[in-house]
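Undergrad: My structure file input30.txt, compact mmCIF, C-alpha atoms, is below:
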# COMPACT_ATOMS: atom_id res chain seq x y z
CA MET A 176 -37.50 118.71 -70.48
CA ASN A 177 -37.43 122.00 -68.68
CA TYR A 178 -35.23 121.29 -65.70
CA GLN A 179 -33.25 124.25 -64.44
CA PHE A 180 -29.86 123.47 -63.01
CA GLU A 181 -29.31 125.31 -59.78
CA PHE A 182 -26.07 125.42 -57.84
CA GLY A 183 -27.01 128.30 -55.50
CA TRP A 184 -27.11 125.90 -52.54
CA LEU A 185 -23.35 125.44 -52.78
CA ALA A 186 -22.75 128.71 -50.92
CA GLU A 187 -24.91 127.63 -48.01
CA TYR A 188 -23.82 124.03 -47.74
CA TYR A 189 -20.14 124.18 -48.50
CA PRO A 190 -19.13 123.71 -44.82
CA GLN A 191 -20.83 120.28 -44.92
CA ILE A 192 -18.99 119.39 -48.10
CA VAL A 193 -15.64 120.49 -46.68
CA LYS A 194 -16.28 118.51 -43.51
CA GLY A 195 -17.23 115.49 -45.62
CA ILE A 196 -14.04 115.77 -47.67
CA GLY A 197 -12.07 115.98 -44.40
CA ILE A 198 -13.60 112.74 -43.12
CA THR A 199 -13.04 110.95 -46.43
CA ILE A 200 -9.38 112.02 -46.36
CA GLU A 201 -9.03 111.00 -42.73
CA LEU A 202 -10.53 107.59 -43.51
CA ILE A 203 -8.14 106.88 -46.35
CA ALA A 204 -5.09 108.29 -44.54
CA VAL A 205 -5.65 106.06 -41.51
CA GLY A 206 -6.75 103.23 -43.78
CA ALA A 207 -3.66 103.44 -45.97
CA VAL A 208 -1.10 103.63 -43.14
CA ALA A 209 -2.68 101.01 -40.89
CA GLY A 210 -3.97 98.86 -43.75
CA ILE A 211 -0.62 98.64 -45.53
CA SER A 212 1.12 97.89 -42.21
CA LEU A 213 -1.35 95.09 -41.59
CA GLY A 214 -0.81 93.97 -45.17
CA ILE A 215 2.97 93.84 -44.71
CA PHE A 216 2.56 91.74 -41.57
CA CYS A 217 0.11 89.35 -43.27
CA ALA A 218 2.30 89.09 -46.37
CA TRP A 219 5.28 88.22 -44.14
CA VAL A 220 3.21 85.52 -42.43
CA ARG A 221 2.01 84.05 -45.73
CA ALA A 222 5.41 84.09 -47.41
CA LEU A 223 7.87 83.43 -44.58
CA GLY A 224 6.00 83.31 -41.28
CA PRO A 225 5.27 80.54 -38.76
CA ALA A 226 3.23 77.64 -40.14
CA TRP A 227 0.51 77.81 -37.48
CA LEU A 228 -0.36 81.41 -38.38
CA LYS A 229 -0.56 80.83 -42.13
CA PRO A 230 -4.05 79.25 -42.33
CA ILE A 231 -5.50 81.96 -40.08
CA VAL A 232 -4.15 84.76 -42.26
CA ALA A 233 -5.17 82.90 -45.42
CA LEU A 234 -8.73 82.58 -44.10
CA TYR A 235 -8.83 86.29 -43.23
CA VAL A 236 -7.55 87.32 -46.66
CA GLU A 237 -9.91 85.04 -48.59
CA LEU A 238 -12.95 86.04 -46.51
CA ILE A 239 -12.35 89.75 -46.98
CA ARG A 240 -11.46 89.56 -50.65
CA ASN A 241 -14.57 87.58 -51.50
CA THR A 242 -17.22 89.61 -49.68
CA PRO A 243 -18.49 93.15 -50.40
CA PHE A 244 -17.11 96.04 -48.36
CA LEU A 245 -20.66 97.09 -47.53
CA ILE A 246 -21.36 93.79 -45.79
CA GLN A 247 -18.06 93.95 -43.90
CA LEU A 248 -19.06 97.41 -42.72
CA PHE A 249 -22.55 96.29 -41.65
CA PHE A 250 -21.11 93.27 -39.88
CA ILE A 251 -18.67 95.42 -37.93
CA PHE A 252 -21.14 98.18 -37.12
CA PHE A 253 -24.37 96.23 -36.55
CA GLY A 254 -23.11 92.71 -35.87
CA LEU A 255 -20.17 93.14 -33.51
CA PRO A 256 -22.13 94.94 -30.73
CA SER A 257 -23.81 91.61 -29.99
CA LEU A 258 -20.33 90.32 -29.08
CA GLY A 259 -19.95 93.35 -26.82
CA LEU A 260 -17.80 95.43 -29.19
CA LYS A 261 -19.61 98.72 -29.68
CA LEU A 262 -17.99 101.17 -32.08
CA SER A 263 -18.96 104.67 -33.14
CA GLU A 264 -19.81 105.21 -36.83
CA LEU A 265 -16.40 106.65 -37.53
CA GLN A 266 -14.52 103.96 -35.61
CA ALA A 267 -16.44 101.25 -37.46
CA ALA A 268 -15.71 102.95 -40.80
CA ASN A 269 -12.02 103.21 -39.95
CA LEU A 270 -11.81 99.61 -38.78
CA ALA A 271 -13.60 98.33 -41.89
CA THR A 272 -11.28 100.31 -44.17
CA VAL A 273 -8.16 99.01 -42.43
CA VAL A 274 -9.38 95.40 -42.40
CA ASN A 275 -10.34 95.63 -46.09
CA LEU A 276 -7.14 97.23 -47.34
CA GLY A 277 -5.10 94.91 -45.10
CA ALA A 278 -6.37 91.84 -46.93
CA TYR A 279 -5.95 93.27 -50.44
CA SER A 280 -2.50 94.72 -49.79
CA CYS A 281 -1.41 91.41 -48.24
CA GLU A 282 -1.85 89.66 -51.58
CA ILE A 283 -0.17 92.45 -53.53
CA ILE A 284 2.83 92.67 -51.17
CA ARG A 285 3.16 88.90 -51.05
CA ALA A 286 3.56 88.87 -54.83
CA GLY A 287 6.38 91.41 -54.38
CA ILE A 288 8.11 89.27 -51.76
CA GLN A 289 7.81 86.12 -53.85
CA ALA A 290 9.46 87.87 -56.78
CA THR A 291 12.61 88.33 -54.68
CA PRO A 292 15.49 86.26 -56.08
CA ASN A 293 16.44 83.43 -53.74
CA GLY A 294 20.06 84.62 -53.77
CA GLN A 295 19.05 87.58 -51.60
CA PHE A 296 17.85 85.30 -48.81
CA GLU A 297 21.03 83.25 -49.14
CA ALA A 298 23.18 86.37 -49.12
CA GLY A 299 21.39 87.55 -45.97
CA ALA A 300 21.95 84.17 -44.32
CA SER A 301 25.63 84.20 -45.24
CA LEU A 302 25.93 87.54 -43.41
CA ALA A 303 24.60 85.75 -40.31
CA MET A 304 21.27 87.57 -40.45
CA THR A 305 18.24 85.75 -39.11
CA ARG A 306 15.37 85.14 -41.54
CA PHE A 307 13.46 88.04 -40.02
CA GLU A 308 16.45 90.39 -40.25
CA THR A 309 16.92 89.43 -43.90
CA PHE A 310 13.26 90.19 -44.51
CA ARG A 311 13.39 93.50 -42.67
CA HIS A 312 16.70 94.85 -44.04
CA VAL A 313 17.12 93.17 -47.42
CA VAL A 314 13.83 91.96 -48.87
CA LEU A 315 11.09 94.31 -47.68
CA VAL A 316 11.88 97.64 -49.35
CA PRO A 317 12.65 96.31 -52.87
CA SER A 318 9.52 94.11 -52.60
CA LEU A 319 7.37 97.13 -51.79
CA GLN A 320 8.99 99.10 -54.58
CA ARG A 321 8.17 96.38 -57.09
CA ILE A 322 4.47 96.43 -56.31
CA TRP A 323 4.05 100.12 -55.38
CA PRO A 324 1.99 100.99 -58.52
CA ALA A 325 -0.44 98.12 -57.86
CA LEU A 326 -0.64 99.04 -54.19
CA SER A 327 -1.34 102.67 -55.09
CA SER A 328 -4.26 101.70 -57.34
CA GLN A 329 -5.66 99.57 -54.55
CA VAL A 330 -5.52 102.52 -52.13
CA VAL A 331 -7.43 104.64 -54.67
CA ILE A 332 -10.01 101.85 -55.08
CA VAL A 333 -10.49 101.68 -51.32
CA MET A 334 -10.86 105.49 -51.14
CA LEU A 335 -13.63 105.36 -53.77
CA GLY A 336 -15.19 102.37 -52.02
CA SER A 337 -15.28 104.33 -48.77
CA ALA A 338 -18.30 106.19 -50.19
CA VAL A 339 -20.49 103.48 -48.66
CA VAL A 340 -19.58 104.38 -45.06
CA SER A 341 -22.30 107.02 -45.40
CA GLN A 342 -24.70 104.08 -45.01
CA ILE A 343 -23.81 103.71 -41.32
CA ALA A 344 -24.05 107.52 -40.98
CA ALA A 345 -20.32 108.20 -40.90
CA GLU A 346 -20.29 111.79 -42.14
CA ASP A 347 -18.07 111.51 -45.19
CA LEU A 348 -18.43 113.25 -48.55
CA THR A 349 -21.27 111.00 -49.71
CA PHE A 350 -23.09 111.63 -46.45
CA ALA A 351 -22.83 115.36 -47.15
CA ALA A 352 -24.22 114.82 -50.67
CA ASN A 353 -27.15 112.82 -49.29
CA PHE A 354 -27.75 115.46 -46.62
CA ILE A 355 -27.81 118.24 -49.20
CA GLN A 356 -30.10 116.37 -51.57
CA SER A 357 -32.55 115.65 -48.75
CA ARG A 358 -32.60 119.35 -47.76
CA THR A 359 -32.65 120.97 -51.19
CA PHE A 360 -34.09 118.20 -53.43
CA ARG A 361 -31.23 119.08 -55.79
CA ALA A 362 -30.23 115.43 -56.13
CA PHE A 363 -28.56 115.61 -59.51
CA GLU A 364 -26.48 118.70 -58.73
CA ALA A 365 -25.44 117.43 -55.31
CA TYR A 366 -24.23 114.12 -56.72
CA ILE A 367 -22.52 115.73 -59.72
CA VAL A 368 -20.57 118.04 -57.42
CA SER A 369 -19.53 115.26 -55.06
CA THR A 370 -18.63 112.97 -57.97
CA ALA A 371 -16.36 115.70 -59.33
CA VAL A 372 -14.77 116.06 -55.90
CA TYR A 373 -14.17 112.30 -55.73
CA LEU A 374 -12.55 112.39 -59.17
CA ALA A 375 -10.26 115.21 -58.04
CA LEU A 376 -9.45 113.33 -54.83
CA ALA A 377 -8.59 110.20 -56.82
CA VAL A 378 -6.23 112.13 -59.11
CA LEU A 379 -4.65 113.90 -56.12
CA LEU A 380 -4.27 110.67 -54.15
CA ARG A 381 -2.47 109.04 -57.09
CA GLN A 382 -0.03 111.98 -57.21
CA VAL A 383 0.56 111.84 -53.45
CA LEU A 384 1.21 108.10 -53.55
CA ALA A 385 3.64 108.49 -56.45
CA MET A 386 5.44 111.18 -54.43
CA VAL A 387 5.56 108.96 -51.34
CA GLY A 388 6.99 106.24 -53.56
CA ARG A 389 9.76 108.52 -54.77
CA LEU A 390 10.53 109.52 -51.16
CA ILE A 391 10.77 106.11 -49.56
CA PHE A 392 12.40 104.13 -52.34
CA PRO A 393 16.07 104.67 -53.19
CA ARG A 394 16.58 106.18 -56.63
CA ARG A 395 19.14 103.64 -57.89
CA ALA A 396 16.56 100.92 -58.31
CA ALA A 397 13.95 103.18 -59.86
CA ARG A 398 12.74 102.13 -63.26
CA MET B 597 -43.38 87.99 -31.18
CA ILE B 598 -42.51 85.61 -34.00
CA GLU B 599 -39.42 83.50 -33.55
CA PHE B 600 -37.17 83.14 -36.57
CA THR B 601 -35.10 80.03 -37.04
CA ILE B 602 -31.78 80.06 -38.89
CA TRP B 603 -33.57 78.25 -41.71
CA ASP B 604 -36.16 81.05 -42.02
CA ILE B 605 -33.38 83.59 -42.32
CA LEU B 606 -31.31 81.55 -44.72
CA ARG B 607 -34.27 80.75 -46.97
CA ASN B 608 -35.15 84.42 -47.38
CA LEU B 609 -31.56 85.36 -48.05
CA LEU B 610 -31.18 82.63 -50.65
CA LEU B 611 -34.34 83.78 -52.43
CA ALA B 612 -32.82 87.26 -52.71
CA THR B 613 -29.51 85.79 -53.88
CA ARG B 614 -31.21 84.98 -57.19
CA TRP B 615 -31.40 88.70 -57.89
CA THR B 616 -27.75 89.19 -57.03
CA ILE B 617 -26.90 86.48 -59.55
CA VAL B 618 -29.20 87.83 -62.26
CA LEU B 619 -27.90 91.38 -61.83
CA SER B 620 -24.29 90.15 -61.84
CA LEU B 621 -24.83 88.22 -65.07
CA VAL B 622 -26.57 91.13 -66.79
CA SER B 623 -23.85 93.56 -65.70
CA PHE B 624 -21.05 91.25 -66.68
CA VAL B 625 -22.42 90.37 -70.10
CA GLY B 626 -23.59 93.92 -70.84
CA GLY B 627 -20.31 95.31 -69.54
CA GLY B 628 -18.47 92.86 -71.76
CA VAL B 629 -20.29 94.06 -74.88
CA VAL B 630 -19.76 97.76 -74.10
CA GLY B 631 -16.21 96.98 -72.95
CA LEU B 632 -15.42 95.36 -76.30
CA GLY B 633 -16.58 98.54 -78.01
CA LEU B 634 -14.36 100.56 -75.69
CA LEU B 635 -11.44 98.27 -76.48
CA PHE B 636 -11.82 98.95 -80.21
CA LEU B 637 -12.04 102.69 -79.58
CA ARG B 638 -9.05 102.55 -77.24
CA ILE B 639 -6.71 100.85 -79.73
CA SER B 640 -8.01 102.63 -82.81
CA LYS B 641 -5.72 104.58 -85.12
CA ARG B 642 -7.78 107.74 -84.71
CA LYS B 643 -6.65 109.96 -81.87
CA TRP B 644 -10.11 111.30 -80.94
CA SER B 645 -11.52 107.83 -80.41
CA ARG B 646 -8.52 106.80 -78.31
CA SER B 647 -8.90 109.82 -76.04
CA LEU B 648 -12.67 109.41 -75.88
CA ALA B 649 -12.25 105.86 -74.55
CA LYS B 650 -9.45 106.98 -72.25
CA TYR B 651 -11.56 109.70 -70.62
CA TYR B 652 -14.52 107.35 -70.30
CA ILE B 653 -12.34 104.84 -68.47
CA GLU B 654 -10.72 107.54 -66.29
CA LEU B 655 -14.15 108.87 -65.35
CA PHE B 656 -15.66 105.54 -64.38
CA GLN B 657 -12.57 104.23 -62.63
CA GLY B 658 -11.95 107.52 -60.83
CA THR B 659 -15.37 107.96 -59.23
CA PRO B 660 -17.20 105.78 -56.71
CA LEU B 661 -19.62 103.21 -58.10
CA LEU B 662 -22.08 104.44 -55.48
CA MET B 663 -22.08 107.94 -57.02
CA GLN B 664 -22.61 106.46 -60.48
CA LEU B 665 -25.62 104.58 -59.10
CA PHE B 666 -27.00 107.73 -57.48
CA ILE B 667 -26.61 109.73 -60.68
CA ALA B 668 -28.27 107.00 -62.76
CA PHE B 669 -31.08 106.72 -60.23
CA PHE B 670 -31.76 110.41 -59.55
CA GLY B 671 -30.24 111.96 -62.66
CA LEU B 672 -32.23 110.14 -65.34
CA GLY B 673 -35.42 111.04 -63.50
CA LEU B 674 -34.78 114.67 -64.41
CA PHE B 675 -35.17 113.89 -68.08
CA GLY B 676 -38.70 112.83 -67.42
CA ILE B 677 -37.82 109.13 -67.46
CA ASP B 678 -39.22 107.15 -64.57
CA VAL B 679 -36.26 105.08 -63.46
CA PRO B 680 -36.98 101.97 -61.44
CA ALA B 681 -34.15 100.81 -59.16
CA TRP B 682 -33.38 97.72 -61.26
CA LEU B 683 -32.87 99.81 -64.39
CA ALA B 684 -30.57 102.33 -62.71
CA ALA B 685 -28.68 99.47 -61.08
CA GLY B 686 -28.24 97.55 -64.31
CA LEU B 687 -27.28 100.59 -66.33
CA ALA B 688 -24.71 101.91 -63.85
CA LEU B 689 -23.16 98.47 -63.33
CA ILE B 690 -22.92 97.82 -67.08
CA LEU B 691 -21.18 101.15 -67.73
CA TRP B 692 -18.91 100.64 -64.72
CA SER B 693 -17.89 97.07 -65.65
CA ALA B 694 -17.31 98.16 -69.25
CA ALA B 695 -14.67 100.65 -68.12
CA PHE B 696 -12.76 97.99 -66.19
CA LEU B 697 -13.13 95.22 -68.78
CA GLY B 698 -12.10 97.55 -71.60
CA GLU B 699 -8.95 98.47 -69.73
CA ILE B 700 -8.13 94.85 -68.80
CA TRP B 701 -8.55 93.73 -72.41
CA ARG B 702 -6.51 96.60 -73.76
CA GLY B 703 -3.63 95.36 -71.63
CA CYS B 704 -4.07 91.88 -73.12
CA VAL B 705 -4.15 93.16 -76.70
CA GLU B 706 -1.07 95.29 -76.10
CA ALA B 707 0.74 92.26 -74.70
CA ILE B 708 0.62 90.66 -78.15
CA ALA B 709 3.96 91.08 -79.87
CA LYS B 710 4.19 93.87 -82.42
CA GLY B 711 5.42 91.44 -85.06
CA GLN B 712 1.97 89.86 -85.14
CA TRP B 713 0.44 93.14 -86.25
CA GLU B 714 3.15 93.68 -88.83
CA ALA B 715 2.99 90.14 -90.17
CA SER B 716 -0.78 90.25 -90.59
CA ALA B 717 -0.57 93.71 -92.19
CA SER B 718 1.99 92.38 -94.64
CA LEU B 719 -0.53 89.71 -95.62
CA GLY B 720 -2.83 92.52 -96.67
CA MET B 721 -5.28 92.14 -93.81
CA GLY B 722 -7.43 95.07 -92.80
CA ARG B 723 -7.61 96.31 -89.22
CA LEU B 724 -10.73 94.29 -88.41
CA GLN B 725 -9.36 91.14 -90.04
CA GLN B 726 -6.15 91.51 -88.04
CA MET B 727 -8.13 91.73 -84.84
CA ARG B 728 -10.51 88.93 -85.76
CA TYR B 729 -8.03 86.34 -87.04
CA VAL B 730 -4.69 87.17 -85.44
CA ILE B 731 -4.78 89.40 -82.38
CA LEU B 732 -8.00 88.54 -80.52
CA PRO B 733 -7.56 84.74 -80.57
CA GLN B 734 -4.19 85.18 -78.85
CA ALA B 735 -5.29 88.02 -76.58
CA MET B 736 -8.35 86.08 -75.45
CA LYS B 737 -6.18 83.38 -74.00
CA ILE B 738 -4.34 85.72 -71.67
CA ALA B 739 -7.51 87.70 -70.96
CA VAL B 740 -9.38 84.81 -69.34
CA PRO B 741 -7.82 84.84 -65.83
CA PRO B 742 -8.16 88.61 -65.18
CA THR B 743 -11.67 88.62 -66.69
CA VAL B 744 -12.81 85.81 -64.41
CA GLY B 745 -11.15 87.71 -61.55
CA PHE B 746 -13.08 90.83 -62.41
CA SER B 747 -16.40 88.96 -62.30
CA VAL B 748 -15.81 88.78 -58.53
CA GLN B 749 -15.68 92.59 -58.43
CA VAL B 750 -18.98 92.69 -60.32
CA ILE B 751 -20.71 90.41 -57.81
CA LYS B 752 -19.39 92.51 -54.93
CA GLY B 753 -20.39 95.65 -56.80
CA THR B 754 -24.03 94.54 -56.95
CA ALA B 755 -24.15 94.88 -53.15
CA LEU B 756 -24.19 98.67 -53.60
CA THR B 757 -27.45 98.54 -55.53
CA SER B 758 -29.18 97.80 -52.23
CA ILE B 759 -28.57 101.45 -51.35
CA ILE B 760 -30.80 102.73 -54.15
CA GLY B 761 -33.43 100.18 -53.15
CA PHE B 762 -32.86 97.22 -55.45
CA VAL B 763 -33.78 94.13 -53.45
CA GLU B 764 -30.91 91.68 -53.71
CA LEU B 765 -28.85 89.82 -51.14
CA SER B 766 -27.57 92.87 -49.21
CA LYS B 767 -30.95 94.57 -49.11
CA ALA B 768 -32.54 91.32 -47.99
CA GLY B 769 -29.91 91.19 -45.24
CA THR B 770 -30.98 94.63 -43.99
CA VAL B 771 -34.68 93.76 -44.21
CA VAL B 772 -34.25 90.45 -42.41
CA THR B 773 -32.10 92.13 -39.74
CA ASN B 774 -34.84 94.66 -39.11
CA ALA B 775 -37.36 91.85 -38.68
CA THR B 776 -35.24 89.52 -36.55
CA PHE B 777 -32.91 91.86 -34.62
CA GLN B 778 -30.06 89.39 -35.20
CA PRO B 779 -27.52 91.44 -37.18
CA PHE B 780 -24.59 89.22 -36.25
CA THR B 781 -26.21 86.05 -37.62
CA VAL B 782 -27.83 87.69 -40.63
CA TYR B 783 -24.85 89.68 -41.88
CA GLY B 784 -22.62 86.70 -41.11
CA LEU B 785 -24.81 84.53 -43.35
CA VAL B 786 -24.95 87.22 -46.04
CA ALA B 787 -21.15 87.37 -46.04
CA LEU B 788 -20.94 83.58 -46.30
CA ILE B 789 -23.33 83.53 -49.28
CA TYR B 790 -21.26 86.18 -51.07
CA PHE B 791 -18.18 84.15 -50.22
CA ALA B 792 -19.76 81.02 -51.70
CA LEU B 793 -20.48 82.94 -54.91
CA CYS B 794 -17.12 84.68 -55.21
CA TRP B 795 -14.55 82.27 -53.88
CA PRO B 796 -14.88 79.63 -56.64
CA LEU B 797 -14.42 82.39 -59.22
CA SER B 798 -11.37 83.86 -57.43
CA LYS B 799 -9.87 80.42 -57.09
CA SER B 800 -10.42 79.45 -60.73
CA SER B 801 -8.96 82.77 -61.84
CA GLN B 802 -5.81 81.94 -59.84
CA ILE B 803 -5.62 78.43 -61.22
CA LEU B 804 -6.11 79.61 -64.80
CA GLU B 805 -3.38 82.18 -64.33
CA ARG B 806 -0.98 79.58 -62.99
CA LYS B 807 -1.74 77.28 -65.94
CA LEU B 808 -1.11 80.11 -68.37
CA ASN B 809 2.22 80.95 -66.75
CA VAL B 810 3.32 77.33 -66.95
CA ALA B 811 2.36 77.21 -70.62
CA HIS B 812 4.40 80.31 -71.27
CA ARG B 813 7.46 79.05 -69.46
CA ASN B 814 7.55 75.95 -71.63
CA HIS B 815 7.81 77.91 -74.85
Could you show the structure in this file as structure tokens?
TA:
Amino acid sequence: MNYQFEFGWLAEYYPQIVKGIGITIELIAVGAVAGISLGIFCAWVRALGPAWLKPIVALYVELIRNTPFLIQLFFIFFGLPSLGLKLSELQAANLATVVNLGAYSCEIIRAGIQATPNGQFEAGASLAMTRFETFRHVVLVPSLQRIWPALSSQVVIVMLGSAVVSQIAAEDLTFAANFIQSRTFRAFEAYIVSTAVYLALAVLLRQVLAMVGRLIFPRRAAR
Amino acid sequence: MIEFTIWDILRNLLLATRWTIVLSLVSFVGGGVVGLGLLFLRISKRKWSRSLAKYYIELFQGTPLLMQLFIAFFGLGLFGIDVPAWLAAGLALILWSAAFLGEIWRGCVEAIAKGQWEASASLGMGRLQQMRYVILPQAMKIAVPPTVGFSVQVIKGTALTSIIGFVELSKAGTVVTNATFQPFTVYGLVALIYFALCWPLSKSSQILERKLNVAHRNH
């Protein structure tokens, strides 16, 4: 083979790449905060919540966990407008990320809640706390701490999975790579560069999540 | 204009589902074989082979599957090999699944008590004999639930191959949508078909795990 590698296009196209990285980060930042919040709510419903809500949340979790993210994205972006809900590319990408991470984190957080010793609920009750107060002030934080490593990996998985939002023309990092390859025909180089950026983002995101973990969880219970 | 009934849509989607199933099976079995190799490298006594497997796993777990597909599809072409979509799809999915399966199985092997290694070594068994007769039979038991669980990820992963032009369920969904202009119905049905494929596997993984836990508690 006599293929010459050529990275000269980087100088010209780096604004696109930077913009793409920005959108990917924005997607996962919004996705992580809103998705984990949704996950906490759903986990509360499934573990301790009102009986009438449980089957609805269970259906949501099972549906999302057993279908590909790509199809969820297409359904939201192409399917929902026929119900009158029209979203921009970026809104659809954000919504899909939140809905996806919400379902996965629900199951992870629920495992954390269920590992709580029963004595803690009883202790809360004996202090005249309501069930919700016990959950909020006693159970929640140690539960999250227990499953924080698993939750962090899931956030990284969702970040890597967000590469497919380029398929509805949300201008993330993969979109930039596709744009560059269509302009320069330097497919291999464009994808190698963006793959390396994704790898760096994944490593960075893991560090950030570990740091967040150290900030929000009290040291005494740290392993 | 032609009118499409739900049955027309569903029939075309189901025909394409065959390819999703075939690709999933190929990726899962192929990934299992490569993953077993990775497992042996990962728990070997030699440092270089341990780090080789570790970097392989880091690389494939730390980058998007979509990028791996793109590189397999466009990258191999540079070496003068004409890569059809099915080959790139199969290759990327096998290498990707191998990374995950290797890591899952390593966890299972490491969960086996150290005394088992020492006892079998004291019986004069070699490394391979230890694995074959003592460690793997026990590790396989705890490996079943997470392995079945991972097969769901493989099926969902095959959806991405539609992007490089492999015609399976997701691609068929896009094609049928373009013909019928009914994205809500079509993507809804596509999602339900994926659900029908994945949910029994998810559920059996859960049940197997519960059974295993019960068995352990009784010891």
Undergrad: Calculate how many Å separate atom CA of A:Gly336 from atom CA of B:Pro660, rounding to one decimal.
TA: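 Computing it gives 6.1 Å between the two atoms.
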Undergrad: Got a sec to pull out which chain A residues are within 10 Å of chain B, counting all atoms listed in the file, and send them as a ChimeraX atom specification?
TA: /A:176-179,237-258,331-339,342,349,352-353,361-367,369-378
Undergrad: What separation in Å, quoted to one decimal, exists between atom CA of A:Ile215 and atom CA of A:Ile284?
TA: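 Taking atom CA of A:Ile215 and atom CA of A:Ile284, their separation equals 6.6 Å.
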Undergrad: Can you tell me how far atom CA of B:Ala775 sits from atom CA of B:Leu619, in Å to one decimal?
TA: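 Result for atom CA of B:Ala775 versus atom CA of B:Leu619: 25.0 Å, one decimal.
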Undergrad: Using the file's own x, y and z axes, what box holds all listed atoms of stretch 180-190 of chain A with 6 Å on each side, keeping edges along x, y and z, and what are its centre and edge lengths in Å to one decimal, as lines of an AutoDock Vina configuration file?
TA:
center_x = -24.5
center_y = 126.1
center_z = -53.9
size_x = 22.7
size_y = 17.2
size_z = 30.2
Undergrad: Just the residues within 10 Å of A:Cys281, please, counting only C-alpha atoms, with nothing from its chain fewer than 3 positions along; format it as JSON, numbers by chain.
TA: {"A": [210, 211, 212, 213, 214, 215, 216, 217, 218, 219, 220, 221, 232, 233, 236, 276, 277, 278, 284, 285, 286, 287, 326]}
Undergrad: Any idea what's packed within 7 Å of stretch 304-319 of chain A, counting all atoms listed in the file, ignoring anything in its chain fewer than 3 positions away? Could you give it as a VMD selection string?
TA: chain A and resid 284 287 to 288 291 296 299 to 300 322 to 323
Undergrad: Go ahead and write the selection's residues with C-alpha atoms as a PDB file, in the frame of the given file.
TA:
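Listing of result.pdb after writing:
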ATOM      1  CA  ILE A 284       2.830  92.670 -51.170  1.00  0.00           C
ATOM      2  CA  GLY A 287       6.380  91.410 -54.380  1.00  0.00           C
ATOM      3  CA  ILE A 288       8.110  89.270 -51.760  1.00  0.00           C
ATOM      4  CA  THR A 291      12.610  88.330 -54.680  1.00  0.00           C
ATOM      5  CA  PHE A 296      17.850  85.300 -48.810  1.00  0.00           C
ATOM      6  CA  GLY A 299      21.390  87.550 -45.970  1.00  0.00           C
ATOM      7  CA  ALA A 300      21.950  84.170 -44.320  1.00  0.00           C
ATOM      8  CA  ILE A 322       4.470  96.430 -56.310  1.00  0.00           C
ATOM      9  CA  TRP A 323       4.050 100.120 -55.380  1.00  0.00           C
TER      10      TRP A 323
END
Undergrad: Which residues are near stretch 603-609 of chain B? Cut-off 7 Å, only C-alpha atoms, ignore same chain within fewer than 4 positions. Put them as a list of chain:residue names.
TA: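 Returned residues: B:Thr613, B:Leu765, B:Ala768, B:Gly769, B:Val772.
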